[in-house]
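What follows is one structure encoded as structure tokens, with my remarks underneath.
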Amino acid sequence: MKVLVLNSGSSSLKYQLFDMAERTLVARGAAERIGEPDSDISDHAAALDRIVANLLGIEVAMARRPDVPQVAVFDTAFHHTIPPHAYRYAVPEEWYESHGVRRYGFHGTSVAYVAKQAAREIGRPLGELNLIVLHLGNGASVTAVANGKSVDTSMGMTPLEGLVMGTRSGDIDPGVIVHMARQAGMSVEEIDADLNGESGLSGLCGVGDVRDVLEREAAGDARARLALDVYAYRMRKYIGAYMAALGHVDGIVFTAGVGENSADIRERACEGLQRLGVQLDETRNRASARGARPIHREGAPVAVLVVPTNEELEIAEQTLQCIQTSGAATTEAGRQNG
Ligand code: AMP
């Protein structure tokens, strides 16, 4: 069986075709920096057009085989184990009952995958492990995993909450929204566009790509330095909060574009947490290795790991499981996962 996975992120569209017999990759590709000023891909539709042109053979095959099942894998599914005390907001109950206002979380596919890999790396069953997973990409979130299950995550009802991101603010006082509406006369649409697209690193220093921010900081740009300080401080606050939420932490896991590639950001995220058991080994952290690897000091109480995510493989695995367990031609993995 072959599974084609289309993975649409906030600024990228990736595809991978797996042969599930051997879990081998048959084809892959991506369009990145969608919609950015220097990008020639204006939006996801343009990106999909381009990829679909590359996948013409597959598209034709799909058109000729309408019996091939389509499976939707929801990015929120892994977070369905979050308990009410973590997913409820302290707002009028009516907001929750009638409008679904609660924390849902995102990046679940990625966290599910890297948590499994981290357990393999640590050498213990996932069901016995408490982990803090930092998915640091263009979008960014932290998830607290207790005995292998998500119990809290920093993204909320929308992906806007939590960590500072490329162009999203993360946590702010909700009163700021009211203030900007009243004081600056901004519309809801304008505030929404600014908080999602003009905030975060980009809002603080003018660029949202961590590589660019690091470059500017190295060249002496004070705004870039401040942006990175705010970015890393928010991560440390969440790590500390989730240590308290979990009570005991076996491992901290870094994944996605920034988490996998930037030793600098990993170091800043863990700065000052030594007495809480988070002790990086500088050589391991800086080594230009690939693949899942430990970066903590030998004998440190908390394992710190870099684990490359593979959302597409996780989606393919869940797709296979869904098709095998349902036996139906067309179904949804999300339904299976709750
Ligand atoms: P993702 O959303 O997982 O594709 O990650 C995209 C983010 O990863 C962008 O903000 C990039 O700046 C960041 N990134 C990729 N490679 C590096 C690197 N070597 N150092 C710092 N950030 C990186």
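Quick note on naming: the chains in the structure tokens go A, B, ... in the order shown, residues restart at 1 in each chain, and ligands are numbered from 1 in order of appearance.
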Site check for ligand 1: residues at most 9 Å away, only C-alpha atoms and all ligand atoms, as a PDB file with all heavy atoms, in the first residue's frame:
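Writing done, so here's result10.pdb:
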ATOM      1  N   GLY A   9       1.539  23.522   6.209  1.00  0.00           N
ATOM      2  CA  GLY A   9       1.863  24.343   7.379  1.00  0.00           C
ATOM      3  C   GLY A   9       1.511  25.790   7.103  1.00  0.00           C
ATOM      4  O   GLY A   9       0.900  26.103   6.079  1.00  0.00           O
ATOM      5  N   SER A  10       1.895  26.670   8.038  1.00  0.00           N
ATOM      6  CA  SER A  10       1.509  28.070   7.879  1.00  0.00           C
ATOM      7  C   SER A  10       2.265  28.734   6.735  1.00  0.00           C
ATOM      8  O   SER A  10       1.757  29.637   6.087  1.00  0.00           O
ATOM      9  CB  SER A  10       1.717  28.833   9.180  1.00  0.00           C
ATOM     10  OG  SER A  10       3.042  28.696   9.631  1.00  0.00           O
ATOM     11  N   SER A  11       3.501  28.307   6.462  1.00  0.00           N
ATOM     12  CA  SER A  11       4.251  28.935   5.381  1.00  0.00           C
ATOM     13  C   SER A  11       4.907  27.903   4.465  1.00  0.00           C
ATOM     14  O   SER A  11       5.818  28.203   3.727  1.00  0.00           O
ATOM     15  CB  SER A  11       5.326  29.872   5.949  1.00  0.00           C
ATOM     16  OG  SER A  11       6.336  29.114   6.582  1.00  0.00           O
ATOM     17  N   SER A  12       4.438  26.663   4.568  1.00  0.00           N
ATOM     18  CA  SER A  12       5.043  25.629   3.728  1.00  0.00           C
ATOM     19  C   SER A  12       3.996  24.592   3.338  1.00  0.00           C
ATOM     20  O   SER A  12       2.953  24.478   3.972  1.00  0.00           O
ATOM     21  CB  SER A  12       6.180  24.931   4.481  1.00  0.00           C
ATOM     22  OG  SER A  12       5.660  24.203   5.580  1.00  0.00           O
ATOM     23  N   GLU A  32       8.362  26.112   0.247  1.00  0.00           N
ATOM     24  CA  GLU A  32       8.504  26.810   1.521  1.00  0.00           C
ATOM     25  C   GLU A  32       8.413  28.313   1.349  1.00  0.00           C
ATOM     26  O   GLU A  32       8.412  28.823   0.248  1.00  0.00           O
ATOM     27  CB  GLU A  32       9.832  26.418   2.171  1.00  0.00           C
ATOM     28  CG  GLU A  32       9.781  24.975   2.655  1.00  0.00           C
ATOM     29  CD  GLU A  32      11.034  24.520   3.348  1.00  0.00           C
ATOM     30  OE1 GLU A  32      11.147  24.738   4.556  1.00  0.00           O
ATOM     31  OE2 GLU A  32      11.894  23.941   2.673  1.00  0.00           O
ATOM     32  N   ARG A  33       8.362  29.013   2.465  1.00  0.00           N
ATOM     33  CA  ARG A  33       8.266  30.477   2.495  1.00  0.00           C
ATOM     34  C   ARG A  33       7.117  30.995   1.641  1.00  0.00           C
ATOM     35  O   ARG A  33       7.242  32.006   0.954  1.00  0.00           O
ATOM     36  CB  ARG A  33       9.587  31.117   2.043  1.00  0.00           C
ATOM     37  CG  ARG A  33      10.751  30.813   2.983  1.00  0.00           C
ATOM     38  CD  ARG A  33      11.960  31.641   2.638  1.00  0.00           C
ATOM     39  NE  ARG A  33      13.041  31.405   3.580  1.00  0.00           N
ATOM     40  CZ  ARG A  33      13.837  32.362   4.052  1.00  0.00           C
ATOM     41  NH1 ARG A  33      13.692  33.594   3.666  1.00  0.00           N
ATOM     42  NH2 ARG A  33      14.791  32.084   4.904  1.00  0.00           N
ATOM     43  N   HIS A 135       8.117  22.078  19.970  1.00  0.00           N
ATOM     44  CA  HIS A 135       8.075  22.072  18.504  1.00  0.00           C
ATOM     45  C   HIS A 135       8.339  23.516  18.080  1.00  0.00           C
ATOM     46  O   HIS A 135       7.477  24.378  18.196  1.00  0.00           O
ATOM     47  CB  HIS A 135       6.717  21.585  17.999  1.00  0.00           C
ATOM     48  CG  HIS A 135       6.571  21.630  16.509  1.00  0.00           C
ATOM     49  ND1 HIS A 135       6.499  20.490  15.723  1.00  0.00           N
ATOM     50  CD2 HIS A 135       6.509  22.675  15.649  1.00  0.00           C
ATOM     51  CE1 HIS A 135       6.396  20.849  14.448  1.00  0.00           C
ATOM     52  NE2 HIS A 135       6.398  22.175  14.387  1.00  0.00           N
ATOM     53  N   LEU A 136       9.568  23.778  17.631  1.00  0.00           N
ATOM     54  CA  LEU A 136       9.963  25.143  17.287  1.00  0.00           C
ATOM     55  C   LEU A 136      10.178  25.262  15.782  1.00  0.00           C
ATOM     56  O   LEU A 136      11.260  24.995  15.271  1.00  0.00           O
ATOM     57  CB  LEU A 136      11.257  25.528  18.025  1.00  0.00           C
ATOM     58  CG  LEU A 136      11.281  25.307  19.546  1.00  0.00           C
ATOM     59  CD1 LEU A 136      12.658  25.656  20.110  1.00  0.00           C
ATOM     60  CD2 LEU A 136      10.196  26.118  20.231  1.00  0.00           C
ATOM     61  N   GLY A 137       9.118  25.603  15.084  1.00  0.00           N
ATOM     62  CA  GLY A 137       9.219  25.846  13.645  1.00  0.00           C
ATOM     63  C   GLY A 137       8.852  27.288  13.402  1.00  0.00           C
ATOM     64  O   GLY A 137       9.091  28.139  14.269  1.00  0.00           O
ATOM     65  N   ASN A 138       8.270  27.571  12.250  1.00  0.00           N
ATOM     66  CA  ASN A 138       7.756  28.911  12.019  1.00  0.00           C
ATOM     67  C   ASN A 138       6.618  29.166  13.024  1.00  0.00           C
ATOM     68  O   ASN A 138       6.579  30.183  13.695  1.00  0.00           O
ATOM     69  CB  ASN A 138       7.285  29.032  10.571  1.00  0.00           C
ATOM     70  CG  ASN A 138       6.877  30.441  10.248  1.00  0.00           C
ATOM     71  OD1 ASN A 138       7.584  31.390  10.599  1.00  0.00           O
ATOM     72  ND2 ASN A 138       5.729  30.604   9.631  1.00  0.00           N
ATOM     73  N   GLY A 139       5.716  28.190  13.167  1.00  0.00           N
ATOM     74  CA  GLY A 139       4.797  28.151  14.306  1.00  0.00           C
ATOM     75  C   GLY A 139       5.530  27.420  15.422  1.00  0.00           C
ATOM     76  O   GLY A 139       6.398  26.594  15.147  1.00  0.00           O
ATOM     77  N   ALA A 140       5.206  27.710  16.676  1.00  0.00           N
ATOM     78  CA  ALA A 140       5.940  27.055  17.763  1.00  0.00           C
ATOM     79  C   ALA A 140       5.001  26.757  18.928  1.00  0.00           C
ATOM     80  O   ALA A 140       4.098  27.539  19.221  1.00  0.00           O
ATOM     81  CB  ALA A 140       7.081  27.944  18.240  1.00  0.00           C
ATOM     82  N   MET A 165       6.407  33.369  18.114  1.00  0.00           N
ATOM     83  CA  MET A 165       6.651  32.637  16.861  1.00  0.00           C
ATOM     84  C   MET A 165       7.240  33.569  15.808  1.00  0.00           C
ATOM     85  O   MET A 165       7.545  34.726  16.102  1.00  0.00           O
ATOM     86  CB  MET A 165       5.361  31.992  16.372  1.00  0.00           C
ATOM     87  CG  MET A 165       4.679  31.240  17.496  1.00  0.00           C
ATOM     88  SD  MET A 165       3.133  30.439  17.061  1.00  0.00           S
ATOM     89  CE  MET A 165       2.319  30.495  18.660  1.00  0.00           C
ATOM     90  N   GLY A 166       7.373  33.059  14.589  1.00  0.00           N
ATOM     91  CA  GLY A 166       7.943  33.880  13.521  1.00  0.00           C
ATOM     92  C   GLY A 166       7.187  35.187  13.366  1.00  0.00           C
ATOM     93  O   GLY A 166       7.771  36.277  13.424  1.00  0.00           O
ATOM     94  N   GLY A 208      11.100  37.460  10.590  1.00  0.00           N
ATOM     95  CA  GLY A 208      10.492  36.372  11.346  1.00  0.00           C
ATOM     96  C   GLY A 208      11.237  35.059  11.258  1.00  0.00           C
ATOM     97  O   GLY A 208      10.983  34.145  12.038  1.00  0.00           O
ATOM     98  N   ASP A 209      12.165  34.960  10.310  1.00  0.00           N
ATOM     99  CA  ASP A 209      12.929  33.721  10.152  1.00  0.00           C
ATOM    100  C   ASP A 209      14.092  33.745  11.145  1.00  0.00           C
ATOM    101  O   ASP A 209      14.910  34.669  11.128  1.00  0.00           O
ATOM    102  CB  ASP A 209      13.449  33.615   8.711  1.00  0.00           C
ATOM    103  CG  ASP A 209      14.048  32.243   8.429  1.00  0.00           C
ATOM    104  OD1 ASP A 209      14.959  31.816   9.179  1.00  0.00           O
ATOM    105  OD2 ASP A 209      13.604  31.601   7.471  1.00  0.00           O
ATOM    106  N   VAL A 210      14.139  32.722  12.009  1.00  0.00           N
ATOM    107  CA  VAL A 210      15.139  32.699  13.084  1.00  0.00           C
ATOM    108  C   VAL A 210      16.566  32.840  12.537  1.00  0.00           C
ATOM    109  O   VAL A 210      17.406  33.497  13.155  1.00  0.00           O
ATOM    110  CB  VAL A 210      14.982  31.409  13.931  1.00  0.00           C
ATOM    111  CG1 VAL A 210      16.131  31.248  14.907  1.00  0.00           C
ATOM    112  CG2 VAL A 210      13.660  31.435  14.676  1.00  0.00           C
ATOM    113  N   ARG A 211      16.828  32.252  11.367  1.00  0.00           N
ATOM    114  CA  ARG A 211      18.172  32.393  10.776  1.00  0.00           C
ATOM    115  C   ARG A 211      18.507  33.854  10.530  1.00  0.00           C
ATOM    116  O   ARG A 211      19.616  34.312  10.824  1.00  0.00           O
ATOM    117  CB  ARG A 211      18.264  31.618   9.450  1.00  0.00           C
ATOM    118  CG  ARG A 211      18.353  30.117   9.637  1.00  0.00           C
ATOM    119  CD  ARG A 211      18.116  29.389   8.348  1.00  0.00           C
ATOM    120  NE  ARG A 211      16.731  29.556   7.908  1.00  0.00           N
ATOM    121  CZ  ARG A 211      16.112  28.741   7.051  1.00  0.00           C
ATOM    122  NH1 ARG A 211      16.768  27.728   6.533  1.00  0.00           N
ATOM    123  NH2 ARG A 211      14.865  28.941   6.717  1.00  0.00           N
ATOM    124  N   ASP A 212      17.533  34.593  10.007  1.00  0.00           N
ATOM    125  CA  ASP A 212      17.755  36.020   9.736  1.00  0.00           C
ATOM    126  C   ASP A 212      17.926  36.810  11.030  1.00  0.00           C
ATOM    127  O   ASP A 212      18.757  37.716  11.106  1.00  0.00           O
ATOM    128  CB  ASP A 212      16.574  36.604   8.945  1.00  0.00           C
ATOM    129  CG  ASP A 212      16.396  35.920   7.591  1.00  0.00           C
ATOM    130  OD1 ASP A 212      17.398  35.351   7.087  1.00  0.00           O
ATOM    131  OD2 ASP A 212      15.271  35.944   7.057  1.00  0.00           O
ATOM    132  N   VAL A 213      17.133  36.456  12.053  1.00  0.00           N
ATOM    133  CA  VAL A 213      17.227  37.178  13.329  1.00  0.00           C
ATOM    134  C   VAL A 213      18.608  36.948  13.950  1.00  0.00           C
ATOM    135  O   VAL A 213      19.250  37.890  14.428  1.00  0.00           O
ATOM    136  CB  VAL A 213      16.111  36.752  14.316  1.00  0.00           C
ATOM    137  CG1 VAL A 213      16.125  37.644  15.551  1.00  0.00           C
ATOM    138  CG2 VAL A 213      14.742  36.813  13.661  1.00  0.00           C
ATOM    139  N   LEU A 214      19.071  35.693  13.925  1.00  0.00           N
ATOM    140  CA  LEU A 214      20.390  35.372  14.479  1.00  0.00           C
ATOM    141  C   LEU A 214      21.497  36.134  13.742  1.00  0.00           C
ATOM    142  O   LEU A 214      22.432  36.645  14.357  1.00  0.00           O
ATOM    143  CB  LEU A 214      20.648  33.861  14.410  1.00  0.00           C
ATOM    144  CG  LEU A 214      19.888  33.006  15.439  1.00  0.00           C
ATOM    145  CD1 LEU A 214      19.933  31.526  15.059  1.00  0.00           C
ATOM    146  CD2 LEU A 214      20.464  33.192  16.853  1.00  0.00           C
ATOM    147  N   THR A 255      12.314  19.871  18.610  1.00  0.00           N
ATOM    148  CA  THR A 255      12.063  19.411  17.242  1.00  0.00           C
ATOM    149  C   THR A 255      11.639  20.561  16.334  1.00  0.00           C
ATOM    150  O   THR A 255      11.485  21.689  16.780  1.00  0.00           O
ATOM    151  CB  THR A 255      11.013  18.272  17.230  1.00  0.00           C
ATOM    152  OG1 THR A 255      11.024  17.640  15.944  1.00  0.00           O
ATOM    153  CG2 THR A 255       9.604  18.795  17.527  1.00  0.00           C
ATOM    154  N   ALA A 256      11.472  20.257  15.052  1.00  0.00           N
ATOM    155  CA  ALA A 256      11.094  21.189  13.964  1.00  0.00           C
ATOM    156  C   ALA A 256      12.266  22.100  13.582  1.00  0.00           C
ATOM    157  O   ALA A 256      13.340  22.013  14.188  1.00  0.00           O
ATOM    158  CB  ALA A 256       9.850  21.984  14.313  1.00  0.00           C
ATOM    159  N   GLY A 257      12.030  22.950  12.582  1.00  0.00           N
ATOM    160  CA  GLY A 257      13.109  23.720  11.938  1.00  0.00           C
ATOM    161  C   GLY A 257      14.120  24.333  12.887  1.00  0.00           C
ATOM    162  O   GLY A 257      15.326  24.106  12.756  1.00  0.00           O
ATOM    163  N   VAL A 258      13.653  25.073  13.862  1.00  0.00           N
ATOM    164  CA  VAL A 258      14.553  25.739  14.805  1.00  0.00           C
ATOM    165  C   VAL A 258      15.082  24.731  15.831  1.00  0.00           C
ATOM    166  O   VAL A 258      16.286  24.678  16.109  1.00  0.00           O
ATOM    167  CB  VAL A 258      13.829  26.893  15.533  1.00  0.00           C
ATOM    168  CG1 VAL A 258      14.771  27.594  16.497  1.00  0.00           C
ATOM    169  CG2 VAL A 258      13.226  27.876  14.543  1.00  0.00           C
ATOM    170  N   GLY A 259      14.187  23.944  16.392  1.00  0.00           N
ATOM    171  CA  GLY A 259      14.557  22.989  17.437  1.00  0.00           C
ATOM    172  C   GLY A 259      15.590  21.976  16.975  1.00  0.00           C
ATOM    173  O   GLY A 259      16.483  21.590  17.732  1.00  0.00           O
ATOM    174  N   GLU A 260      15.503  21.568  15.706  1.00  0.00           N
ATOM    175  CA  GLU A 260      16.433  20.569  15.185  1.00  0.00           C
ATOM    176  C   GLU A 260      17.762  21.178  14.747  1.00  0.00           C
ATOM    177  O   GLU A 260      18.794  20.517  14.792  1.00  0.00           O
ATOM    178  CB  GLU A 260      15.813  19.853  13.967  1.00  0.00           C
ATOM    179  CG  GLU A 260      14.637  18.969  14.328  1.00  0.00           C
ATOM    180  CD  GLU A 260      13.843  18.525  13.106  1.00  0.00           C
ATOM    181  OE1 GLU A 260      14.434  18.393  12.013  1.00  0.00           O
ATOM    182  OE2 GLU A 260      12.618  18.323  13.233  1.00  0.00           O
ATOM    183  N   ASN A 261      17.719  22.434  14.314  1.00  0.00           N
ATOM    184  CA  ASN A 261      18.901  23.004  13.659  1.00  0.00           C
ATOM    185  C   ASN A 261      19.668  24.067  14.424  1.00  0.00           C
ATOM    186  O   ASN A 261      20.797  24.371  14.072  1.00  0.00           O
ATOM    187  CB  ASN A 261      18.494  23.596  12.304  1.00  0.00           C
ATOM    188  CG  ASN A 261      17.990  22.538  11.357  1.00  0.00           C
ATOM    189  OD1 ASN A 261      18.696  21.576  11.081  1.00  0.00           O
ATOM    190  ND2 ASN A 261      16.761  22.681  10.899  1.00  0.00           N
ATOM    191  N   SER A 262      19.055  24.662  15.429  1.00  0.00           N
ATOM    192  CA  SER A 262      19.734  25.778  16.078  1.00  0.00           C
ATOM    193  C   SER A 262      20.201  25.456  17.506  1.00  0.00           C
ATOM    194  O   SER A 262      19.431  25.508  18.462  1.00  0.00           O
ATOM    195  CB  SER A 262      18.839  27.023  16.096  1.00  0.00           C
ATOM    196  OG  SER A 262      19.523  28.074  16.721  1.00  0.00           O
ATOM    197  N   ALA A 263      21.495  25.124  17.621  1.00  0.00           N
ATOM    198  CA  ALA A 263      22.102  24.862  18.930  1.00  0.00           C
ATOM    199  C   ALA A 263      21.996  26.113  19.799  1.00  0.00           C
ATOM    200  O   ALA A 263      21.790  26.028  21.012  1.00  0.00           O
ATOM    201  CB  ALA A 263      23.562  24.469  18.753  1.00  0.00           C
ATOM    202  N   ASP A 264      22.114  27.260  19.149  1.00  0.00           N
ATOM    203  CA  ASP A 264      22.038  28.547  19.806  1.00  0.00           C
ATOM    204  C   ASP A 264      20.712  28.734  20.550  1.00  0.00           C
ATOM    205  O   ASP A 264      20.679  29.093  21.733  1.00  0.00           O
ATOM    206  CB  ASP A 264      22.122  29.611  18.692  1.00  0.00           C
ATOM    207  CG  ASP A 264      22.948  30.788  19.126  1.00  0.00           C
ATOM    208  OD1 ASP A 264      22.794  31.189  20.273  1.00  0.00           O
ATOM    209  OD2 ASP A 264      23.737  31.276  18.299  1.00  0.00           O
ATOM    210  N   ILE A 265      19.617  28.486  19.865  1.00  0.00           N
ATOM    211  CA  ILE A 265      18.292  28.657  20.469  1.00  0.00           C
ATOM    212  C   ILE A 265      18.067  27.603  21.555  1.00  0.00           C
ATOM    213  O   ILE A 265      17.520  27.896  22.611  1.00  0.00           O
ATOM    214  CB  ILE A 265      17.175  28.601  19.396  1.00  0.00           C
ATOM    215  CG1 ILE A 265      17.350  29.726  18.362  1.00  0.00           C
ATOM    216  CG2 ILE A 265      15.793  28.650  20.039  1.00  0.00           C
ATOM    217  CD1 ILE A 265      17.278  31.133  18.923  1.00  0.00           C
ATOM    218  N   THR A 309      11.480  15.746  13.545  1.00  0.00           N
ATOM    219  CA  THR A 309      10.094  15.328  13.410  1.00  0.00           C
ATOM    220  C   THR A 309       9.870  14.741  12.022  1.00  0.00           C
ATOM    221  O   THR A 309      10.667  14.951  11.095  1.00  0.00           O
ATOM    222  CB  THR A 309       9.118  16.492  13.688  1.00  0.00           C
ATOM    223  OG1 THR A 309       7.805  15.959  13.850  1.00  0.00           O
ATOM    224  CG2 THR A 309       9.134  17.538  12.585  1.00  0.00           C
TER     225      THR A 309
END
- Query: Which residues, written as a list in words, have at least one atom at most 6 Å from region 269-281 of chain A, with only C-alpha atoms counted and residues fewer than 4 positions away on the same chain left out?
  - Reply: Ala232, Met235, Arg236, Asn285, Ile295, His296, Arg297, Pro301 and Val302 of chain A
Could you dump the residues just selected with N, CA, C and O atoms as a PDB file, in the first residue's frame?
ATOM      1  N   ALA A 232      13.340  33.407  23.750  1.00  0.00           N
ATOM      2  CA  ALA A 232      13.899  32.353  24.608  1.00  0.00           C
ATOM      3  C   ALA A 232      13.323  32.408  26.023  1.00  0.00           C
ATOM      4  O   ALA A 232      13.083  31.369  26.651  1.00  0.00           O
ATOM      5  N   MET A 235      10.123  30.606  26.200  1.00  0.00           N
ATOM      6  CA  MET A 235      10.329  29.145  26.230  1.00  0.00           C
ATOM      7  C   MET A 235      10.683  28.679  27.634  1.00  0.00           C
ATOM      8  O   MET A 235      10.151  27.671  28.114  1.00  0.00           O
ATOM      9  N   ARG A 236      11.585  29.413  28.299  1.00  0.00           N
ATOM     10  CA  ARG A 236      11.995  29.010  29.653  1.00  0.00           C
ATOM     11  C   ARG A 236      10.815  29.066  30.616  1.00  0.00           C
ATOM     12  O   ARG A 236      10.663  28.195  31.473  1.00  0.00           O
ATOM     13  N   ASN A 285      25.565  19.485  22.082  1.00  0.00           N
ATOM     14  CA  ASN A 285      24.563  20.405  21.542  1.00  0.00           C
ATOM     15  C   ASN A 285      25.039  21.033  20.240  1.00  0.00           C
ATOM     16  O   ASN A 285      24.256  21.237  19.316  1.00  0.00           O
ATOM     17  N   ILE A 295      21.566  15.545  24.016  1.00  0.00           N
ATOM     18  CA  ILE A 295      22.484  16.688  24.073  1.00  0.00           C
ATOM     19  C   ILE A 295      22.722  17.134  25.517  1.00  0.00           C
ATOM     20  O   ILE A 295      23.264  18.205  25.760  1.00  0.00           O
ATOM     21  N   HIS A 296      22.264  16.290  26.489  1.00  0.00           N
ATOM     22  CA  HIS A 296      22.481  16.648  27.890  1.00  0.00           C
ATOM     23  C   HIS A 296      23.822  16.105  28.379  1.00  0.00           C
ATOM     24  O   HIS A 296      24.414  15.221  27.753  1.00  0.00           O
ATOM     25  N   ARG A 297      24.243  16.682  29.489  1.00  0.00           N
ATOM     26  CA  ARG A 297      25.475  16.246  30.129  1.00  0.00           C
ATOM     27  C   ARG A 297      25.283  14.831  30.672  1.00  0.00           C
ATOM     28  O   ARG A 297      24.198  14.501  31.160  1.00  0.00           O
ATOM     29  N   PRO A 301      20.004  14.864  35.492  1.00  0.00           N
ATOM     30  CA  PRO A 301      18.708  14.286  35.909  1.00  0.00           C
ATOM     31  C   PRO A 301      17.649  14.302  34.800  1.00  0.00           C
ATOM     32  O   PRO A 301      16.787  13.450  34.775  1.00  0.00           O
ATOM     33  N   VAL A 302      17.710  15.309  33.925  1.00  0.00           N
ATOM     34  CA  VAL A 302      16.715  15.413  32.850  1.00  0.00           C
ATOM     35  C   VAL A 302      17.410  15.207  31.500  1.00  0.00           C
ATOM     36  O   VAL A 302      18.374  15.909  31.191  1.00  0.00           O
TER      37      VAL A 302
END
- Task: Please identify all polymer residues within 12 Å of Val91 (chain A), counting only C-alpha atoms, omitting same-chain residues fewer than 5 positions from it, and present them as a PyMOL selection string.
- Result: chain A and resi 96-97+99-102+174
- Message: Excluding Leu246 (chain A) and its own-chain neighbours fewer than 6 positions away, which residues fall within 8 Å of it when counting only C-alpha atoms? Please give them as JSON, numbers by chain.
- Response: {"A": [130, 144, 145, 146]}
- Message: Please determine, counting only C-alpha atoms, which residue among A:Tyr233, A:Phe74, A:Trp95, A:Tyr15 has the shortest atom-to-atom distance to Thr319 (chain A).
- Response: A:Phe74
- Task: Show which residues sit within 8 Å of Gly170 (chain A), as a list in words. Count only C-alpha atoms, and ignore same-chain residues fewer than 2 positions away.
- Result: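 What passes the distance filter is Leu160, Glu161, Gly162, Leu163, Val164, Met165, Arg168, Ile172 and Gly200 of chain A.
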Atoms to include: N, CA, C and O atoms. Write the selected residues as an mmCIF file, in the first residue's frame.
data_model
loop_
_atom_site.group_PDB
_atom_site.id
_atom_site.type_symbol
_atom_site.label_atom_id
_atom_site.label_comp_id
_atom_site.auth_asym_id
_atom_site.auth_seq_id
_atom_site.Cartn_x
_atom_site.Cartn_y
_atom_site.Cartn_z
ATOM 1 N N LEU A 160 -2.508 30.886 17.957
ATOM 2 C CA LEU A 160 -1.924 32.180 18.328
ATOM 3 C C LEU A 160 -1.345 32.198 19.743
ATOM 4 O O LEU A 160 -0.448 32.975 20.044
ATOM 5 N N GLU A 161 -1.843 31.329 20.612
ATOM 6 C CA GLU A 161 -1.439 31.383 22.023
ATOM 7 C C GLU A 161 -0.071 30.724 22.265
ATOM 8 O O GLU A 161 0.360 29.867 21.513
ATOM 9 N N GLY A 162 0.587 31.170 23.327
ATOM 10 C CA GLY A 162 1.778 30.450 23.784
ATOM 11 C C GLY A 162 3.085 31.131 23.463
ATOM 12 O O GLY A 162 3.293 32.307 23.783
ATOM 13 N N LEU A 163 3.972 30.369 22.822
ATOM 14 C CA LEU A 163 5.324 30.861 22.530
ATOM 15 C C LEU A 163 5.318 32.011 21.528
ATOM 16 O O LEU A 163 4.393 32.163 20.728
ATOM 17 N N VAL A 164 6.387 32.780 21.554
ATOM 18 C CA VAL A 164 6.632 33.786 20.513
ATOM 19 C C VAL A 164 6.987 33.003 19.240
ATOM 20 O O VAL A 164 7.761 32.059 19.285
ATOM 21 N N MET A 165 6.407 33.369 18.114
ATOM 22 C CA MET A 165 6.651 32.637 16.861
ATOM 23 C C MET A 165 7.240 33.569 15.808
ATOM 24 O O MET A 165 7.545 34.726 16.102
ATOM 25 N N ARG A 168 3.705 35.354 14.838
ATOM 26 C CA ARG A 168 2.597 35.374 15.798
ATOM 27 C C ARG A 168 3.095 35.820 17.175
ATOM 28 O O ARG A 168 4.178 35.427 17.596
ATOM 29 N N ILE A 172 -0.476 37.173 24.969
ATOM 30 C CA ILE A 172 -0.529 38.585 25.333
ATOM 31 C C ILE A 172 -1.743 38.776 26.249
ATOM 32 O O ILE A 172 -2.631 37.926 26.297
ATOM 33 N N GLY A 200 5.296 38.576 16.817
ATOM 34 C CA GLY A 200 6.364 37.608 17.063
ATOM 35 C C GLY A 200 7.730 38.222 16.802
ATOM 36 O O GLY A 200 7.947 39.424 17.012
#
- Message: Under the rule that only C-alpha atoms are counted, which of A:Ala224, A:Ala86, A:Ala30, A:Leu6 is the nearest residue to Ala72 (chain A)?
- Response: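 Closest residue, counting only C-alpha atoms: A:Leu6.
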- One decimal place gives the CA of Arg103 (chain A)-CA of Arg88 (chain A) separation as 6.3 Å
- Task: Please provide as a list of chain:residue names all residues within 9 Å of Gln117 (chain A), with the sequence filter that same-chain residues fewer than 2 positions apart are discarded (counting only C-alpha atoms).
- Result: A:Ala112, A:Tyr113, A:Val114, A:Ala115, A:Ala119, A:Arg120, A:Glu121, A:Ile122, A:Leu126, A:Ala292, A:Val307, A:Pro308, A:Thr309
- Task: Using DSSP on the backbone, list every residue of region 163-302 of chain A that comes out as helix (DSSP H, G or I), and give them as a ChimeraX atom specification.
- Result: /A:175-183,188-197,200-205,210-218,222-246,256-261,263-270,274-276,282-286
- Task: Rank nothing, just name the residue among A:Leu228, A:Ile177, A:Ala289, A:Met20 nearest to Val207 (chain A), using only C-alpha atoms.
- Result: A:Leu228
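Interatomic distance, CA of Glu189 (chain A) to CA of Leu13 (chain A): 25.1 Å.
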- Test item: residues at most 8 Å from Gln318 (chain A), only C-alpha atoms, excluding those fewer than 3 positions along its chain, as a VMD selection string: chain A and resid 73 314 to 315 321 to 322 333
Write a file of the just-selected residues containing N, CA, C and O atoms, as a compact mmCIF listing (two decimals), in the first residue's frame.
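Result file follows (result19.txt):
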# COMPACT_ATOMS: atom_id res chain seq x y z
N VAL A 73 -6.06 13.29 8.77
CA VAL A 73 -5.43 13.13 10.08
C VAL A 73 -5.38 14.50 10.74
O VAL A 73 -4.77 15.42 10.22
N GLU A 314 4.27 10.00 10.33
CA GLU A 314 3.26 9.77 11.37
C GLU A 314 1.85 9.76 10.75
O GLU A 314 1.02 8.93 11.10
N ILE A 315 1.62 10.68 9.81
CA ILE A 315 0.31 10.73 9.13
C ILE A 315 0.10 9.43 8.34
O ILE A 315 -0.99 8.84 8.37
N GLN A 321 -3.13 2.63 9.82
CA GLN A 321 -3.86 2.07 10.97
C GLN A 321 -5.36 2.27 10.80
O GLN A 321 -6.16 1.35 11.05
N CYS A 322 -5.72 3.45 10.32
CA CYS A 322 -7.14 3.81 10.13
C CYS A 322 -7.78 2.89 9.09
O CYS A 322 -8.86 2.34 9.31
N ALA A 333 -9.21 9.46 9.98
CA ALA A 333 -8.38 9.05 11.11
C ALA A 333 -8.75 9.84 12.35
O ALA A 333 -8.69 9.35 13.46
